[in-house]
Each structure stands twice: as C-alpha cells, then as structure tokens.
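File shown here: start39.tsv, holding TSV, C-alpha atoms (C1' of nucleotides).
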chain	number	residue	atom	x	y	z
A	62	MET	CA	-7.38	40.22	-4.59
A	63	PRO	CA	-10.39	40.76	-6.78
A	64	SER	CA	-13.09	40.87	-4.18
A	65	ALA	CA	-15.44	40.84	-7.14
A	66	SER	CA	-14.43	37.26	-7.66
A	67	ALA	CA	-18.05	36.51	-8.31
A	68	SER	CA	-18.63	37.00	-11.98
A	69	ARG	CA	-19.45	40.62	-11.75
A	70	ARG	CA	-18.70	40.80	-15.37
A	71	PRO	CA	-18.05	37.74	-17.46
A	72	SER	CA	-14.63	39.10	-18.21
A	73	ALA	CA	-13.17	36.19	-20.09
A	74	SER	CA	-9.64	37.35	-19.42
A	75	HIS	CA	-10.07	37.31	-15.65
A	76	LEU	CA	-11.61	33.90	-15.69
A	77	ARG	CA	-8.82	32.69	-17.80
A	78	THR	CA	-6.25	34.02	-15.37
A	79	VAL	CA	-7.81	31.97	-12.57
A	80	ASP	CA	-7.94	28.97	-14.78
A	81	LEU	CA	-4.36	29.51	-15.84
A	82	ALA	CA	-3.25	29.74	-12.22
A	83	ASP	CA	-5.09	26.56	-11.46
A	84	ARG	CA	-3.49	24.66	-14.25
A	85	ILE	CA	-0.01	25.93	-13.48
A	86	HIS	CA	-0.58	24.90	-9.89
A	87	SER	CA	-1.70	21.45	-10.84
A	88	ALA	CA	1.03	20.93	-13.40
A	89	ALA	CA	3.65	21.94	-10.84
A	90	ILE	CA	2.30	19.41	-8.35
A	91	HIS	CA	2.35	16.56	-10.80
A	92	LEU	CA	5.71	17.46	-12.22
A	93	LEU	CA	7.30	17.49	-8.80
A	94	ARG	CA	5.69	14.23	-7.79
A	95	ARG	CA	7.15	12.66	-10.85
A	96	LEU	CA	10.58	14.04	-10.11
A	97	ARG	CA	10.41	12.94	-6.50
A	98	ARG	CA	10.13	9.39	-7.67
A	99	GLU	CA	13.62	9.75	-9.14
A	100	ASP	CA	15.05	10.65	-5.79
A	101	ALA	CA	15.52	7.13	-4.57
A	102	ALA	CA	17.59	6.16	-7.56
A	103	ALA	CA	19.28	9.48	-8.07
A	104	GLY	CA	20.95	11.95	-5.79
A	105	LEU	CA	19.47	14.30	-3.27
A	106	PRO	CA	15.87	15.24	-2.52
A	107	ALA	CA	14.71	18.36	-4.31
A	108	PRO	CA	14.94	20.87	-1.47
A	109	GLN	CA	18.48	19.82	-0.61
A	110	LEU	CA	19.44	20.00	-4.25
A	111	SER	CA	17.88	23.40	-4.60
A	112	ALA	CA	19.67	24.77	-1.55
A	113	LEU	CA	22.96	23.24	-2.61
A	114	SER	CA	22.56	24.82	-5.99
A	115	VAL	CA	22.12	28.26	-4.49
A	116	ILE	CA	25.19	27.72	-2.35
A	117	VAL	CA	27.33	26.44	-5.21
A	118	PHE	CA	26.43	29.24	-7.57
A	119	GLY	CA	25.83	31.99	-5.04
A	120	GLY	CA	29.11	31.65	-3.22
A	121	PRO	CA	29.28	31.69	0.58
A	122	LEU	CA	25.96	32.76	2.01
A	123	THR	CA	24.60	33.35	5.46
A	124	LEU	CA	21.77	31.10	6.56
A	125	GLY	CA	19.39	34.02	6.56
A	126	GLU	CA	20.23	34.89	3.00
A	127	LEU	CA	19.74	31.31	2.04
A	128	ALA	CA	16.39	31.12	3.80
A	129	ARG	CA	15.27	34.20	1.91
A	130	ALA	CA	16.54	32.88	-1.39
A	131	GLU	CA	14.77	29.59	-0.83
A	132	GLN	CA	11.67	31.25	0.51
A	133	VAL	CA	11.52	29.17	3.65
A	134	ARG	CA	11.76	29.88	7.36
A	135	PRO	CA	15.06	29.81	9.23
A	136	PRO	CA	14.50	26.49	11.00
A	137	THR	CA	13.86	24.80	7.70
A	138	ILE	CA	17.18	26.00	6.34
A	139	SER	CA	18.93	25.06	9.56
A	140	LYS	CA	17.81	21.49	9.16
A	141	LEU	CA	18.65	21.33	5.49
A	142	ILE	CA	22.15	22.56	6.21
A	143	VAL	CA	22.62	20.05	9.02
A	144	GLU	CA	21.78	17.37	6.51
A	145	LEU	CA	24.02	18.72	3.77
A	146	GLU	CA	26.85	19.19	6.22
A	147	ALA	CA	26.50	15.65	7.54
A	148	GLN	CA	27.00	14.46	3.99
A	149	GLY	CA	30.08	16.59	3.60
A	150	LEU	CA	28.56	18.70	0.85
A	151	VAL	CA	28.79	22.08	2.55
A	152	GLU	CA	30.83	23.66	5.31
A	153	ARG	CA	29.84	26.16	7.97
A	154	GLU	CA	32.00	29.09	8.85
A	155	VAL	CA	31.36	31.56	11.62
A	156	ASP	CA	31.79	35.17	10.60
A	157	ALA	CA	34.81	36.72	12.28
A	158	SER	CA	33.37	40.15	12.86
A	159	ASP	CA	29.87	39.09	13.84
A	160	ARG	CA	29.92	35.74	15.50
A	161	ARG	CA	26.18	35.24	15.28
A	162	VAL	CA	26.26	34.80	11.55
A	163	VAL	CA	27.11	31.53	9.92
A	164	ARG	CA	28.22	31.28	6.34
A	165	VAL	CA	27.96	28.15	4.30
A	166	ARG	CA	30.02	27.27	1.29
A	167	ALA	CA	30.02	24.22	-0.92
A	168	THR	CA	32.80	21.69	-0.56
A	169	ALA	CA	34.46	20.27	-3.67
A	170	ARG	CA	32.38	17.19	-3.15
A	171	GLY	CA	29.24	19.28	-2.84
A	172	THR	CA	29.94	20.92	-6.15
A	173	LYS	CA	30.52	17.59	-7.82
A	174	VAL	CA	27.44	16.01	-6.29
A	175	LEU	CA	25.36	18.95	-7.40
A	176	HIS	CA	26.38	18.61	-10.98
A	177	ASP	CA	26.04	14.86	-11.06
A	178	GLY	CA	22.84	14.63	-9.05
A	179	ARG	CA	21.13	17.48	-10.72
A	180	GLN	CA	21.48	16.01	-14.14
A	181	ARG	CA	20.45	12.59	-12.93
A	182	ARG	CA	17.47	14.00	-11.18
A	183	VAL	CA	16.14	15.90	-14.12
A	184	SER	CA	16.93	13.13	-16.54
A	185	ALA	CA	13.36	11.93	-16.73
A	186	LEU	CA	12.32	15.45	-17.43
A	187	VAL	CA	14.99	15.78	-20.08
A	188	ALA	CA	13.66	12.66	-21.74
A	189	SER	CA	10.13	14.01	-21.71
A	190	LEU	CA	11.26	17.30	-23.12
A	191	GLY	CA	13.23	15.52	-25.79
A	192	ALA	CA	10.06	13.81	-26.89
A	193	LEU	CA	8.37	17.11	-27.55
A	194	SER	CA	8.29	18.81	-30.89
A	195	ALA	CA	10.91	21.47	-31.39
A	196	HIS	CA	8.08	23.95	-31.47
A	197	ASP	CA	6.76	22.94	-28.07
A	198	ARG	CA	10.22	22.94	-26.60
A	199	ALA	CA	10.81	26.41	-27.93
A	200	LEU	CA	7.54	27.51	-26.43
A	201	LEU	CA	8.54	26.18	-23.04
A	202	ALA	CA	11.94	27.81	-23.30
A	203	ARG	CA	10.28	31.14	-23.79
A	204	ALA	CA	7.76	30.55	-21.01
A	205	VAL	CA	10.22	29.46	-18.34
A	206	PRO	CA	11.63	32.91	-17.62
A	207	VAL	CA	8.08	34.10	-17.13
A	208	LEU	CA	7.41	31.25	-14.74
A	209	GLU	CA	10.54	32.13	-12.83
A	210	LYS	CA	9.40	35.70	-12.61
A	211	VAL	CA	6.01	34.59	-11.33
A	212	ALA	CA	7.62	32.44	-8.65
A	213	ARG	CA	9.83	35.32	-7.63
A	214	THR	CA	7.14	37.96	-7.70
A	215	ALA	CA	4.71	35.88	-5.73
A	216	ALA	CA	7.40	35.49	-3.12
A	217	GLU	CA	7.74	39.19	-2.53
A	218	GLU	CA	4.25	39.92	-1.38
B	58	MET	CA	15.87	32.55	-27.95
B	59	PRO	CA	13.92	29.51	-28.83
B	60	SER	CA	14.19	29.76	-32.57
B	61	ALA	CA	17.95	29.75	-32.25
B	62	SER	CA	17.83	26.01	-32.77
B	63	ALA	CA	18.05	26.62	-36.47
B	64	SER	CA	21.37	28.39	-36.09
B	65	ARG	CA	22.83	26.16	-33.39
B	66	ARG	CA	24.53	22.86	-33.49
B	67	PRO	CA	22.52	19.87	-32.33
B	68	SER	CA	24.76	19.31	-29.32
B	69	ALA	CA	24.01	22.80	-28.15
B	70	SER	CA	20.33	22.12	-28.37
B	71	HIS	CA	20.72	19.07	-26.19
B	72	LEU	CA	22.53	21.04	-23.56
B	73	ARG	CA	19.78	23.54	-23.68
B	74	THR	CA	17.25	20.81	-23.06
B	75	VAL	CA	19.06	19.86	-19.87
B	76	ASP	CA	19.17	23.48	-18.86
B	77	LEU	CA	15.51	23.87	-19.64
B	78	ALA	CA	14.67	20.83	-17.52
B	79	ASP	CA	16.69	22.25	-14.70
B	80	ARG	CA	14.95	25.57	-14.78
B	81	ILE	CA	11.51	24.06	-15.01
B	82	HIS	CA	12.38	21.89	-12.05
B	83	SER	CA	13.60	24.81	-10.01
B	84	ALA	CA	10.67	27.03	-10.95
B	85	ALA	CA	8.24	24.30	-9.94
B	86	ILE	CA	9.89	23.96	-6.54
B	87	HIS	CA	9.77	27.66	-5.82
B	88	LEU	CA	6.27	28.05	-7.10
B	89	LEU	CA	4.97	25.30	-4.87
B	90	ARG	CA	6.81	26.58	-1.86
B	91	ARG	CA	5.15	29.89	-2.36
B	92	LEU	CA	1.75	28.30	-2.69
B	93	ARG	CA	2.26	26.15	0.36
B	94	ARG	CA	2.58	29.28	2.41
B	95	GLU	CA	-1.03	30.07	1.54
B	96	ASP	CA	-2.22	26.83	3.05
B	97	ALA	CA	-2.42	28.06	6.58
B	98	ALA	CA	-4.75	30.90	5.67
B	99	ALA	CA	-6.55	29.16	2.86
B	100	GLY	CA	-8.18	25.79	2.43
B	101	LEU	CA	-6.63	22.38	2.04
B	102	PRO	CA	-3.01	21.39	1.47
B	103	ALA	CA	-2.10	20.89	-2.15
B	104	PRO	CA	-2.17	17.09	-2.32
B	105	GLN	CA	-5.58	16.92	-0.71
B	106	LEU	CA	-6.85	19.59	-3.02
B	107	SER	CA	-5.43	17.79	-6.01
B	108	ALA	CA	-6.97	14.48	-5.03
B	109	LEU	CA	-10.29	16.09	-4.27
B	110	SER	CA	-10.23	17.75	-7.64
B	111	VAL	CA	-9.73	14.45	-9.39
B	112	ILE	CA	-12.60	12.96	-7.42
B	113	VAL	CA	-14.93	15.87	-8.06
B	114	PHE	CA	-14.32	15.98	-11.77
B	115	GLY	CA	-13.57	12.33	-12.36
B	116	GLY	CA	-16.67	10.97	-10.70
B	117	PRO	CA	-16.51	7.96	-8.38
B	118	LEU	CA	-13.09	6.35	-8.55
B	119	THR	CA	-11.45	3.38	-6.94
B	120	LEU	CA	-8.49	4.09	-4.71
B	121	GLY	CA	-6.20	2.36	-7.15
B	122	GLU	CA	-7.36	4.54	-9.99
B	123	LEU	CA	-6.87	7.57	-7.84
B	124	ALA	CA	-3.39	6.49	-6.82
B	125	ARG	CA	-2.48	6.09	-10.47
B	126	ALA	CA	-4.01	9.41	-11.44
B	127	GLU	CA	-2.13	11.14	-8.67
B	128	GLN	CA	1.05	9.20	-9.31
B	129	VAL	CA	1.48	8.10	-5.75
B	130	ARG	CA	1.56	4.75	-3.92
B	131	PRO	CA	-1.57	3.19	-2.48
B	132	PRO	CA	-0.80	3.95	1.17
B	133	THR	CA	-0.38	7.60	0.34
B	134	ILE	CA	-3.83	7.72	-1.22
B	135	SER	CA	-5.30	5.73	1.63
B	136	LYS	CA	-4.12	8.33	4.07
B	137	LEU	CA	-5.27	11.25	1.96
B	138	ILE	CA	-8.72	9.74	1.73
B	139	VAL	CA	-8.89	9.12	5.45
B	140	GLU	CA	-8.19	12.79	5.90
B	141	LEU	CA	-10.71	13.94	3.31
B	142	GLU	CA	-13.33	11.60	4.69
B	143	ALA	CA	-12.77	12.83	8.22
B	144	GLN	CA	-13.57	16.30	6.97
B	145	GLY	CA	-16.71	15.10	5.29
B	146	LEU	CA	-15.48	15.98	1.83
B	147	VAL	CA	-15.62	12.52	0.29
B	148	GLU	CA	-17.47	9.27	0.92
B	149	ARG	CA	-16.30	5.69	0.59
B	150	GLU	CA	-18.44	3.04	-0.97
B	151	VAL	CA	-17.59	-0.63	-1.18
B	152	ASP	CA	-18.17	-2.18	-4.58
B	153	ALA	CA	-21.06	-4.63	-4.49
B	154	SER	CA	-19.66	-7.19	-6.89
B	155	ASP	CA	-16.07	-7.07	-5.68
B	156	ARG	CA	-15.89	-6.19	-2.06
B	157	ARG	CA	-12.18	-5.52	-2.11
B	158	VAL	CA	-12.60	-2.38	-4.11
B	159	VAL	CA	-13.51	0.92	-2.56
B	160	ARG	CA	-14.93	3.79	-4.51
B	161	VAL	CA	-14.77	7.38	-3.39
B	162	ARG	CA	-17.08	10.15	-4.44
B	163	ALA	CA	-17.22	13.80	-3.46
B	164	THR	CA	-19.89	14.98	-1.06
B	165	ALA	CA	-21.76	18.19	-1.79
B	166	ARG	CA	-19.59	19.84	0.78
B	167	GLY	CA	-16.49	18.45	-0.87
B	168	THR	CA	-17.49	19.95	-4.16
B	169	LYS	CA	-18.12	23.32	-2.57
B	170	VAL	CA	-14.89	23.26	-0.61
B	171	LEU	CA	-12.98	22.40	-3.73
B	172	HIS	CA	-14.28	25.36	-5.62
B	173	ASP	CA	-13.86	27.78	-2.75
B	174	GLY	CA	-10.51	26.51	-1.54
B	175	ARG	CA	-8.98	26.15	-4.92
B	176	GLN	CA	-9.54	29.74	-5.81
B	177	ARG	CA	-8.34	30.92	-2.45
B	178	ARG	CA	-5.24	28.83	-2.72
B	179	VAL	CA	-4.25	30.03	-6.11
B	180	SER	CA	-5.16	33.62	-5.35
B	181	ALA	CA	-1.56	34.67	-4.81
B	182	LEU	CA	-0.71	33.08	-8.11
B	183	VAL	CA	-3.62	34.84	-9.76
B	184	ALA	CA	-2.33	38.13	-8.41
B	185	SER	CA	1.13	37.46	-9.77
B	186	LEU	CA	-0.23	36.48	-13.14
B	187	GLY	CA	-2.36	39.57	-13.18
B	188	ALA	CA	0.77	41.65	-12.76
B	189	LEU	CA	2.29	40.23	-15.92
B	190	SER	CA	2.02	41.82	-19.29
B	191	ALA	CA	-0.73	40.49	-21.48
B	192	HIS	CA	1.98	39.15	-23.73
B	193	ASP	CA	3.61	37.13	-20.97
B	194	ARG	CA	0.28	35.83	-19.79
B	195	ALA	CA	-0.58	34.71	-23.28
B	196	LEU	CA	2.79	33.01	-23.52
B	197	LEU	CA	2.14	31.11	-20.31
B	198	ALA	CA	-1.33	30.19	-21.44
B	199	ARG	CA	0.12	28.57	-24.52
B	200	ALA	CA	2.91	26.86	-22.60
B	201	VAL	CA	0.74	25.33	-19.90
B	202	PRO	CA	-0.74	22.58	-22.05
B	203	VAL	CA	2.78	21.60	-22.97
B	204	LEU	CA	3.78	21.49	-19.33
B	205	GLU	CA	0.77	19.34	-18.61
B	206	LYS	CA	1.77	17.02	-21.37
B	207	VAL	CA	5.29	16.80	-19.99
B	208	ALA	CA	3.99	15.97	-16.52
B	209	ARG	CA	1.73	13.31	-17.97
B	210	THR	CA	4.28	11.83	-20.31
B	211	ALA	CA	6.92	11.64	-17.67
B	212	ALA	CA	4.44	9.80	-15.51
B	213	GLU	CA	3.95	7.03	-17.95
B	214	GLU	CA	7.48	5.81	-18.01
C	5	DA	C1'	-14.24	-28.01	-2.86
C	6	DT	C1'	-10.23	-26.61	-1.58
C	7	DG	C1'	-5.84	-24.86	-1.85
C	8	DA	C1'	-2.68	-21.69	-4.32
C	9	DT	C1'	-2.10	-17.40	-6.33
C	10	DG	C1'	-3.18	-12.74	-7.19
C	11	DT	C1'	-5.20	-8.20	-6.13
C	12	DA	C1'	-7.25	-4.00	-3.41
C	13	DG	C1'	-6.60	-1.61	0.50
C	14	DT	C1'	-4.83	-0.95	5.13
C	15	DT	C1'	-1.59	-0.78	8.95
C	16	DA	C1'	2.81	0.01	10.96
C	17	DC	C1'	6.75	2.43	10.75
C	18	DC	C1'	10.29	5.49	8.79
C	19	DT	C1'	12.02	9.87	6.43
C	20	DT	C1'	11.89	14.59	4.75
C	21	DA	C1'	10.07	19.13	4.68
C	22	DG	C1'	7.60	22.61	6.26
C	23	DC	C1'	5.77	25.51	10.19
C	24	DT	C1'	5.52	28.26	15.02
C	25	DA	C1'	7.21	29.14	19.54
C	26	DA	C1'	10.66	29.46	22.56
C	27	DC	C1'	15.34	29.49	23.39
C	28	DT	C1'	20.71	30.94	23.26
C	29	DA	C1'	24.27	33.87	21.95
C	30	DA	C1'	26.02	37.90	20.16
C	31	DT	C1'	25.65	42.68	18.74
C	32	DA	C1'	24.04	47.51	18.99
C	33	DG	C1'	21.99	51.44	21.23
C	34	DT	C1'	21.10	54.32	24.95
D	161	DA	C1'	25.50	48.36	32.23
D	162	DC	C1'	20.95	47.45	30.68
D	163	DT	C1'	17.82	46.79	26.98
D	164	DA	C1'	16.48	45.67	22.55
D	165	DT	C1'	17.48	43.44	18.32
D	166	DT	C1'	19.22	39.93	15.41
D	167	DA	C1'	21.07	35.15	13.75
D	168	DG	C1'	20.54	30.75	14.35
D	169	DT	C1'	19.06	26.57	16.89
D	170	DT	C1'	16.03	23.41	19.42
D	171	DA	C1'	11.66	21.35	20.42
D	172	DG	C1'	7.62	19.77	18.89
D	173	DC	C1'	3.95	19.62	15.62
D	174	DT	C1'	1.64	18.37	10.81
D	175	DA	C1'	1.60	16.55	6.18
D	176	DA	C1'	3.27	13.88	2.49
D	177	DG	C1'	5.83	10.54	0.70
D	178	DG	C1'	7.86	5.80	0.78
D	179	DT	C1'	8.42	0.24	1.81
D	180	DA	C1'	7.14	-3.98	4.06
D	181	DA	C1'	3.93	-6.73	5.87
D	182	DC	C1'	-0.74	-7.72	6.62
D	183	DT	C1'	-6.07	-8.71	5.82
D	184	DA	C1'	-9.74	-9.69	2.98
D	185	DC	C1'	-11.53	-11.04	-1.05
D	186	DA	C1'	-11.54	-13.12	-5.75
D	187	DT	C1'	-10.03	-16.35	-9.16
D	188	DC	C1'	-8.32	-20.38	-10.92
D	189	DA	C1'	-6.52	-25.15	-11.20
D	190	DT	C1'	-6.71	-29.25	-9.77

This structure in structure tokens:
Amino acid sequence: MPSASASRRPSASHLRTVDLADRIHSAAIHLLRRLRREDAAAGLPAPQLSALSVIVFGGPLTLGELARAEQVRPPTISKLIVELEAQGLVEREVDASDRRVVRVRATARGTKVLHDGRQRRVSALVASLGALSAHDRALLARAVPVLEKVARTAAEE
Amino acid sequence: MPSASASRRPSASHLRTVDLADRIHSAAIHLLRRLRREDAAAGLPAPQLSALSVIVFGGPLTLGELARAEQVRPPTISKLIVELEAQGLVEREVDASDRRVVRVRATARGTKVLHDGRQRRVSALVASLGALSAHDRALLARAVPVLEKVARTAAEE
DNA sequence: ATGATGTAGTTACCTTAGCTAACTAATAGT
DNA sequence: ACTATTAGTTAGCTAAGGTAACTACATCAT
C-alpha cells in the first residue's frame, strides 16, 4: 500500500484511484442490497445461487475447490452445501480413492433452479439495464470484464 | 464487443442484457466478499461505513431518511445506529417540534473514523485498481457513474 | 376534548452468511 | 507404527437483513 497516502504529491491519478475504489465499493453495496430484496419473491439467496452456479458450470468439485472459487472459508461452504443439499439441489459424493474428499455435483433440479432463479433474481437489474442508453449499456459491458478481473486479482493477495 | 449491437439482432441484445446483469451481480458478490475480509484488520463493517458516510456527507438525517437512502428497513437502521452510537461515532437528537423523529449527526470522531477507515477498507481494492492498465482504469472510471445510476434506479422501483 | 387513525422508531425474534477454533477422519511420510 | 498433514465438520460467535408487534407522539374529525 502507498504508505505515502498523505498527499505527498497531489497526484491527481492516485487520488482518483482511491475515489474510484470508494465509489465501486459503495455501488457494489447498494446494488447487492437492492438485489437482496428480490430474494423473498425469487429463488435462492445470493451466496447459494453463486455457489450453485459454480457447481453447475464447473462440474463436480471438491468442497475445498469450491471454497477457493467462492473466496470463503471451509465452514462457510460446508453450511451452504448443507442448505443446498437439503433442498435437493446438489449431491455429495465421497471420493473413492481418498475418502476425506467430498465432491458435489448439481442435481437436475439444481440445474433447473439455477437457471430459473438466476434470471428471476437479476430481473430487476435487467430492467434497470434496459432503461439505460445503448451507449451506457455498452460501456458497462466493456467494464464488467475489468471488474471481474479486479475481484479475482484482489482475491489472490 | 459492445458496439456489436449494430450488427446483432434485437433478441440477441436482450439476451446479452440478461448476461450482463448476471455478470454484474456475480462480480458485485465477489468484490464484496473480498472487501469483507479486510474488515477484521481495518475499520468498520461495510454497512456501518456506508451509513456513516451518508450521515457525514448528508448532514443530520432522520432515521427514516437514512433507511430510505440505504435501502433498508427501519429496524435495520435502528440497529446500525445503536452500534455507531455505542462507538461514539454518531449522536442522536430528538426533534423539538415532533418528538417522534430522531436525527443523527456524525461526531468529530465519526468523521475522522470515516475518512481513516474508508481508505483502509478500500485499500485492497485500490491496490488492485493500481495494478490495472491505465486504459482499464479509465474504462472503470467512466463505467462507475453508470453503475451508480443502475443501483439508484433499481432502488426506486 | 376526545377518540380514531397514522407515523417514527424500537423491541423481540428469526434467518443467513461470514469468521475462528477445535474437532474427526483419512492419508502420507518416516 | 507413529507422526504430521489434509479435508471437512461442529460449535459458537458477530453482523446484517427481514417481519410482526409494540410505544409514543401527532393529527384530524367529530
């Protein structure tokens, strides 16, 4: 971190990076709060949906792999999987050659619920995006891969 | 491939809006999870920081106004304020003409903590942003106001 | 003026998501 | 065979969100 966080030099670009971080942070908070409000009416809570998505698209995964992918600690994943399993959306399977490892795979129902729920959940967001100008939407489309990279990079430190 | 909309059918562009929503959603989740991990070492949890920020910059506010600004229910704000007050970061003040309403204002310490804590909290994000190319950073800087608009618009429905 | 209705916050209680620490069970290494 | 390591779970905590029900106050109509 810039230990010279005090304005050693009024470098406008550094200040703007902090400001940018701050605004991304804040926008993420408000966006997610908004989406959470859809949860009651729609499908699964966001973390369950996110995990299910990784499982559906990423094939059978061990819990450790999933925890790493989701950037959370093992107990957090354990509990998420208990919940998803109780709803019949995923199945556990103990590895034959190493019986400590547990693999999870999506059930048919899990796959269906993912696709249904995901679209329902982001529907408010879709509506908001639809209200944007084509220009703004295009701008977001270009920015999203960068955001994804930022989320990933930040995770690797 | 944002400008592809000119060469694509309208139905394709709608699908891409759903996809865009999905990716924004997912990126927001992962970003916030990453930032939450800074909480232990850094200052306040995100919702407290966010509320404090609104109070610091928005002057004295009633709890109802704050709840609306933060897009949460009154009890959620009540509890956040209890927490902030216990830490001496905000003060309550009962309105003289209508004694049902409570206004909150930041203390000097609250203002200081906001500025310190905010920067600490987003420091990981700042580092990640700093690692981007200037081009990507500029792209994000342009996209952020759009994201903010989306968060705000979605909130008004 | 009083009684009904409405409004601002609070309290009580529940759920989900995250964490650390401590545990069990299984594998690998010496 | 003993030790160390690894995968996952359990226990127990905190924080954030919600709804339902409550208190206190204000307003308004009779």

*Pick the closest to Thr168 in chain A from A:Leu201, A:Leu93, A:Val151, A:Leu127: which is it, counting only C-alpha atoms?*
A:Val151

_Spatial neighbours of Val170 in chain B, max dist 12 Å, all atoms listed in the file, sep filter under 2 positions, as a ChimeraX atom specification_ = /B:99-101,105-106,109-110,113,141,144-147,163-168,172-178

Please report as a short mmCIF file (atom, residue, chain, number, x, y, z; two decimals) with C-alpha atoms (C1' of nucleotides), in the coordinates of the input which residues of chain C come no farther than 12 Å from chain A, using only C-alpha atoms (C1' of nucleotides).
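The resulting file, out35.cif, is shown below:
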data_model
loop_
_atom_site.label_atom_id
_atom_site.label_comp_id
_atom_site.auth_asym_id
_atom_site.auth_seq_id
_atom_site.Cartn_x
_atom_site.Cartn_y
_atom_site.Cartn_z
"C1'" DT C 19 12.02 9.87 6.43
"C1'" DT C 20 11.89 14.59 4.75
"C1'" DA C 21 10.07 19.13 4.68
"C1'" DG C 22 7.60 22.61 6.26
"C1'" DC C 23 5.77 25.51 10.19
"C1'" DT C 24 5.52 28.26 15.02
"C1'" DA C 25 7.21 29.14 19.54
"C1'" DT C 28 20.71 30.94 23.26
"C1'" DA C 29 24.27 33.87 21.95
"C1'" DA C 30 26.02 37.90 20.16
"C1'" DT C 31 25.65 42.68 18.74
"C1'" DA C 32 24.04 47.51 18.99
#

*Using all atoms listed in the file, select each residue of chain B with any atom at most 6 Å away from an atom of chain A, and give the selection as a PyMOL selection string.*
chain B and resi 59+75+78+84-85+87-88+182-183+185+197+200+205+207-208+211

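For DG13 in chain C, the list of residues within 10 Å, based on only C-alpha atoms (C1' of nucleotides) and with local chain neighbours fewer than 6 positions off taken out, reads Leu120, Gly121, Pro131, Pro132, Ile134, Ser135, Arg157, Val158 and Val159 of chain B; DT183 and DA184 of chain D.
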
*Report the distance between CA of Arg97 in chain A and CA of Glu95 in chain B in Å, rounded to one decimal place.*
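Separating CA of Arg97 in chain A from CA of Glu95 in chain B is a distance of 22.1 Å.
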
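With C1' of DC17 in chain C on one side and C1' of DA176 in chain D on the other, the separation reads 14.5 Å.
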
*asked:* One number please: C1' of DT174 in chain D to CA of Glu142 in chain B, in Å, one decimal.
replied: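 C1' of DT174 in chain D sits 17.5 Å away from CA of Glu142 in chain B.
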
*Within 9 Å of chain B, which residues of chain D are there when counting only C-alpha atoms (C1' of nucleotides)? Please give them as a ChimeraX atom specification.*
/D:175-178,184-186

*asked:* If you superpose chain B onto chain A over the full set of Cα atoms in sequence order, what number do you get for the RMSD in Å?
replied: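 The RMSD between chain B and chain A over C-alpha atoms is 4.4 Å.
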